[in-house]
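Listing of start38.cif; format and content: mmCIF, C-alpha atoms.
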```
data_data
#
loop_
_atom_site.group_PDB
_atom_site.id
_atom_site.type_symbol
_atom_site.label_atom_id
_atom_site.label_comp_id
_atom_site.auth_asym_id
_atom_site.auth_seq_id
_atom_site.Cartn_x
_atom_site.Cartn_y
_atom_site.Cartn_z
ATOM 1 C CA MET D 220 173.310 67.610 197.532
ATOM 2 C CA LYS D 221 175.253 67.541 194.239
ATOM 3 C CA LEU D 222 173.771 64.113 193.421
ATOM 4 C CA PHE D 223 170.266 65.500 194.000
ATOM 5 C CA GLN D 224 170.949 68.416 191.623
ATOM 6 C CA SER D 225 172.279 66.045 188.960
ATOM 7 C CA LEU D 226 169.198 63.834 189.271
ATOM 8 C CA LEU D 227 166.923 66.862 189.082
ATOM 9 C CA ILE D 228 168.633 68.106 185.913
ATOM 10 C CA ALA D 229 168.478 64.633 184.349
ATOM 11 C CA ALA D 230 164.762 64.340 185.173
ATOM 12 C CA ALA D 231 164.081 67.774 183.685
ATOM 13 C CA ALA D 232 165.988 66.875 180.503
ATOM 14 C CA LEU D 233 164.068 63.601 180.179
ATOM 15 C CA THR D 234 160.749 65.412 180.633
ATOM 16 C CA VAL D 235 161.606 67.943 177.918
ATOM 17 C CA THR D 236 162.685 65.139 175.564
ATOM 18 C CA VAL D 237 159.433 63.226 176.095
ATOM 19 C CA LEU D 238 157.316 66.342 175.591
ATOM 20 C CA MET D 239 159.177 67.285 172.418
ATOM 21 C CA SER D 240 158.799 63.795 170.964
ATOM 22 C CA GLN D 241 155.056 63.854 171.653
ATOM 23 C CA PHE D 242 154.805 67.276 170.024
ATOM 24 C CA ALA D 243 156.690 66.056 166.973
ATOM 25 C CA TYR D 244 154.365 63.050 166.686
ATOM 26 C CA ALA D 245 151.267 65.215 167.112
ATOM 27 C CA ALA D 246 152.473 67.530 164.341
ATOM 28 C CA SER D 247 152.239 64.807 161.671
ATOM 29 C CA PRO D 248 148.837 63.717 160.371
ATOM 30 C CA ASN D 249 150.373 60.828 158.396
ATOM 31 C CA GLY D 250 148.778 57.444 158.942
ATOM 32 C CA ASN D 251 145.372 55.795 158.620
ATOM 33 C CA TRP D 252 142.226 57.641 159.713
ATOM 34 C CA PHE D 253 138.742 56.231 160.308
ATOM 35 C CA ARG D 254 135.866 58.108 158.691
ATOM 36 C CA PRO D 255 132.778 57.465 160.884
ATOM 37 C CA LYS D 256 130.281 58.796 158.316
ATOM 38 C CA THR D 257 131.125 56.025 155.838
ATOM 39 C CA GLY D 258 132.984 53.454 157.918
ATOM 40 C CA GLY D 259 135.923 53.870 155.550
ATOM 41 C CA VAL D 260 139.612 54.402 156.203
ATOM 42 C CA VAL D 261 141.732 57.081 154.531
ATOM 43 C CA LYS D 262 145.522 57.086 154.480
ATOM 44 C CA VAL D 263 147.189 60.495 154.935
ATOM 45 C CA PHE D 264 150.668 60.702 153.408
ATOM 46 C CA ASN D 265 153.173 63.039 151.748
ATOM 47 C CA CYS D 266 152.107 63.712 148.170
ATOM 48 C CA SER D 267 153.811 66.029 145.658
ATOM 49 C CA GLY D 268 155.439 68.118 148.371
ATOM 50 C CA GLY D 269 152.265 68.478 150.420
ATOM 51 C CA LEU D 270 149.585 66.494 152.190
ATOM 52 C CA GLY D 271 147.785 63.688 150.387
ATOM 53 C CA MET D 272 144.845 61.401 151.134
ATOM 54 C CA LYS D 273 143.952 58.044 149.626
ATOM 55 C CA VAL D 274 141.024 55.721 150.363
ATOM 56 C CA VAL D 275 142.326 52.389 151.721
ATOM 57 C CA LYS D 276 139.043 50.881 152.959
ATOM 58 C CA SER D 277 135.499 51.503 151.752
ATOM 59 C CA LYS D 278 132.138 49.773 151.487
ATOM 60 C CA THR D 279 132.341 50.730 147.811
ATOM 61 C CA PRO D 280 135.239 48.723 146.318
ATOM 62 C CA ALA D 281 135.655 51.151 143.380
ATOM 63 C CA LYS D 282 136.725 53.898 145.809
ATOM 64 C CA VAL D 283 139.634 51.911 147.289
ATOM 65 C CA GLY D 284 142.955 53.249 146.021
ATOM 66 C CA LYS D 285 141.505 56.563 144.871
ATOM 67 C CA THR D 286 143.421 59.705 145.837
ATOM 68 C CA ILE D 287 141.104 62.423 147.154
ATOM 69 C CA MET D 288 143.780 65.015 147.952
ATOM 70 C CA CYS D 289 147.377 65.623 146.885
ATOM 71 C CA GLY D 290 149.726 68.531 147.463
ATOM 72 C CA ALA D 291 147.796 70.357 150.197
ATOM 73 C CA LYS D 292 149.986 73.134 151.585
ATOM 74 C CA LYS D 293 150.628 73.791 155.258
ATOM 75 C CA THR D 294 149.036 77.079 156.346
ATOM 76 C CA SER D 295 149.832 76.926 160.082
ATOM 77 C CA ALA D 296 151.278 74.536 162.687
ATOM 78 C CA ASN D 297 148.621 71.820 162.266
ATOM 79 C CA LYS D 298 146.541 72.993 159.297
ATOM 80 C CA TRP D 299 146.718 72.334 155.549
ATOM 81 C CA LYS D 300 144.752 73.776 152.629
ATOM 82 C CA GLY D 301 144.135 72.033 149.334
ATOM 83 C CA ASN D 302 141.559 70.590 146.990
ATOM 84 C CA ILE D 303 139.457 67.614 148.098
ATOM 85 C CA LYS D 304 137.744 65.339 145.607
ATOM 86 C CA ASN D 305 134.352 64.036 146.684
ATOM 87 C CA LEU D 306 134.126 60.528 145.257
ATOM 88 C CA ASP D 307 130.333 60.501 145.685
ATOM 89 C CA ASP D 308 129.583 63.430 143.354
ATOM 90 C CA GLY D 309 132.885 63.589 141.432
ATOM 91 C CA LYS D 310 133.379 67.273 142.272
ATOM 92 C CA THR D 311 136.461 68.903 143.772
ATOM 93 C CA TYR D 312 136.111 71.314 146.670
ATOM 94 C CA SER D 313 138.407 73.708 148.484
ATOM 95 C CA GLY D 314 139.272 72.167 151.809
ATOM 96 C CA TYR D 315 141.158 72.297 155.064
ATOM 97 C CA VAL D 316 142.698 69.523 157.100
ATOM 98 C CA THR D 317 143.338 70.310 160.757
ATOM 99 C CA LEU D 318 145.176 68.005 163.132
ATOM 100 C CA ASN D 319 143.356 68.674 166.418
ATOM 101 C CA SER D 320 145.354 66.079 168.377
ATOM 102 C CA ALA D 321 147.443 62.979 167.724
ATOM 103 C CA SER D 322 144.168 61.039 167.432
ATOM 104 C CA THR D 323 141.682 63.551 165.957
ATOM 105 C CA LEU D 324 141.647 65.055 162.473
ATOM 106 C CA LYS D 325 139.123 67.601 161.187
ATOM 107 C CA LEU D 326 138.365 67.732 157.476
ATOM 108 C CA GLN D 327 136.376 70.622 156.027
ATOM 109 C CA GLY D 328 135.297 70.947 152.415
ATOM 110 C CA CYS D 329 133.781 74.170 151.078
ATOM 111 C CA ALA D 330 131.967 75.376 147.969
ATOM 112 C CA LEU D 331 130.927 78.801 146.669
ATOM 113 C CA GLY D 332 134.009 80.529 148.043
ATOM 114 C CA GLY D 333 133.494 79.154 151.548
ATOM 115 C CA LEU D 334 129.790 79.999 151.861
ATOM 116 C CA ILE D 335 128.796 76.345 152.176
ATOM 117 C CA CYS D 336 131.067 74.018 154.141
ATOM 118 C CA LYS D 337 130.806 70.482 155.477
ATOM 119 C CA THR D 338 132.957 69.237 158.317
ATOM 120 C CA GLU D 339 133.912 65.741 159.451
ATOM 121 C CA HIS D 340 135.993 64.550 162.398
ATOM 122 C CA TRP D 341 138.143 61.462 161.865
ATOM 123 C CA SER D 342 139.939 59.280 164.402
ATOM 124 C CA LYS D 343 143.372 57.699 164.086
ATOM 125 C CA ARG D 344 143.511 53.986 163.229
#
```

Once you've parsed the file, please lay out its structure as structure tokens.
Amino acid sequence: MKLFQSLLIAAAALTVTVLMSQFAYAASPNGNWFRPKTGGVVKVFNCSGGLGMKVVKSKTPAKVGKTIMCGAKKTSANKWKGNIKNLDDGKTYSGYVTLNSASTLKLQGCALGGLICKTEHWSKR
């Protein structure tokens, strides 16, 4: 009976460890993300104490290496707020990055104080 209890405790501890490691992984958006709208890839990384984004693959070679966000601040568990540069029109918009899951990222850029917003969903590469 004591062996069974020890095994049960060990299994419970292992389960908690696995769940915590998955949570920790899910809480970081860092890595490469595929942008379906353009077929490009954007790298999310730590930038100036916040969240940053840089184009690493694009059909337009001039966009590769361009930073579109730097220093976005965490506003909740899986959400960041910062400025997003649109490389197509050269304008900077207020934006939110939300990590929906370990493999899905939502990017929202807004203008006119949030009256007009565009949203994209990216997948992890």

I need the output of the PyMOL selection byres ((chain D and resi 254) around 12) for this file as a PDB file with C-alpha atoms, in the coordinates of the input; which residues are they?
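So out.pdb came out as:
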```pdb
ATOM      1  CA  ASN D 251     145.372  55.795 158.620  1.00  0.00           C
ATOM      2  CA  TRP D 252     142.226  57.641 159.713  1.00  0.00           C
ATOM      3  CA  PHE D 253     138.742  56.231 160.308  1.00  0.00           C
ATOM      4  CA  PRO D 255     132.778  57.465 160.884  1.00  0.00           C
ATOM      5  CA  LYS D 256     130.281  58.796 158.316  1.00  0.00           C
ATOM      6  CA  THR D 257     131.125  56.025 155.838  1.00  0.00           C
ATOM      7  CA  GLY D 258     132.984  53.454 157.918  1.00  0.00           C
ATOM      8  CA  GLY D 259     135.923  53.870 155.550  1.00  0.00           C
ATOM      9  CA  VAL D 260     139.612  54.402 156.203  1.00  0.00           C
ATOM     10  CA  VAL D 261     141.732  57.081 154.531  1.00  0.00           C
ATOM     11  CA  LYS D 262     145.522  57.086 154.480  1.00  0.00           C
ATOM     12  CA  VAL D 274     141.024  55.721 150.363  1.00  0.00           C
ATOM     13  CA  VAL D 275     142.326  52.389 151.721  1.00  0.00           C
ATOM     14  CA  LYS D 276     139.043  50.881 152.959  1.00  0.00           C
ATOM     15  CA  SER D 277     135.499  51.503 151.752  1.00  0.00           C
ATOM     16  CA  LYS D 278     132.138  49.773 151.487  1.00  0.00           C
ATOM     17  CA  THR D 323     141.682  63.551 165.957  1.00  0.00           C
ATOM     18  CA  LEU D 324     141.647  65.055 162.473  1.00  0.00           C
ATOM     19  CA  LYS D 325     139.123  67.601 161.187  1.00  0.00           C
ATOM     20  CA  LEU D 326     138.365  67.732 157.476  1.00  0.00           C
ATOM     21  CA  THR D 338     132.957  69.237 158.317  1.00  0.00           C
ATOM     22  CA  GLU D 339     133.912  65.741 159.451  1.00  0.00           C
ATOM     23  CA  HIS D 340     135.993  64.550 162.398  1.00  0.00           C
ATOM     24  CA  TRP D 341     138.143  61.462 161.865  1.00  0.00           C
ATOM     25  CA  SER D 342     139.939  59.280 164.402  1.00  0.00           C
ATOM     26  CA  LYS D 343     143.372  57.699 164.086  1.00  0.00           C
ATOM     27  CA  ARG D 344     143.511  53.986 163.229  1.00  0.00           C
TER      28      ARG D 344
END
```

* Residue contacts of D:Lys292 (7 Å, only C-alpha atoms) excluding same-chain residues fewer than 6 positions away, as a ChimeraX atom specification -> /D:269-270,299-301

* Explicit residue set for the PyMOL selection byres ((chain D and resi 291) around 10), as a list of chain:residue names ->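 Written out, the selection comes to D:Asn265, D:Cys266, D:Ser267, D:Gly268, D:Gly269, D:Leu270, D:Gly271, D:Met272, D:Met288, D:Cys289, D:Gly290, D:Lys292, D:Lys293, D:Thr294, D:Lys298, D:Trp299, D:Lys300, D:Gly301, D:Asn302, D:Ile303, D:Gly314, D:Tyr315, D:Val316.
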
* Structure fact -> A straight line from atom CA of D:Gly250 to atom CA of D:Gly333 spans 27.6 Å

* **Gap from atom CA of D:Leu306 to atom CA of D:Ile287 - Å, one decimal** => 7.5 Å

* Quote the spacing between atom CA of D:Lys304 and atom CA of D:Thr286 in Å to one decimal place. =>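 According to the coordinates, atom CA of D:Lys304 and atom CA of D:Thr286 are separated by 8.0 Å.
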
May I have the centre and edge lengths, in Å to one decimal, of an axis-aligned box around the listed atoms of stretch 276-284 of chain D with 6 Å added to every side, as JSON?
```
{"center_x": 137.5, "center_y": 51.3, "center_z": 148.2, "size_x": 22.8, "size_y": 17.2, "size_z": 21.6}
```

* Given the choices D:Leu318, D:Ser313, D:Cys336, D:Asp307, which gets closest to D:Ala281 if the distance is worked out from all atoms listed in the file? -> D:Asp307
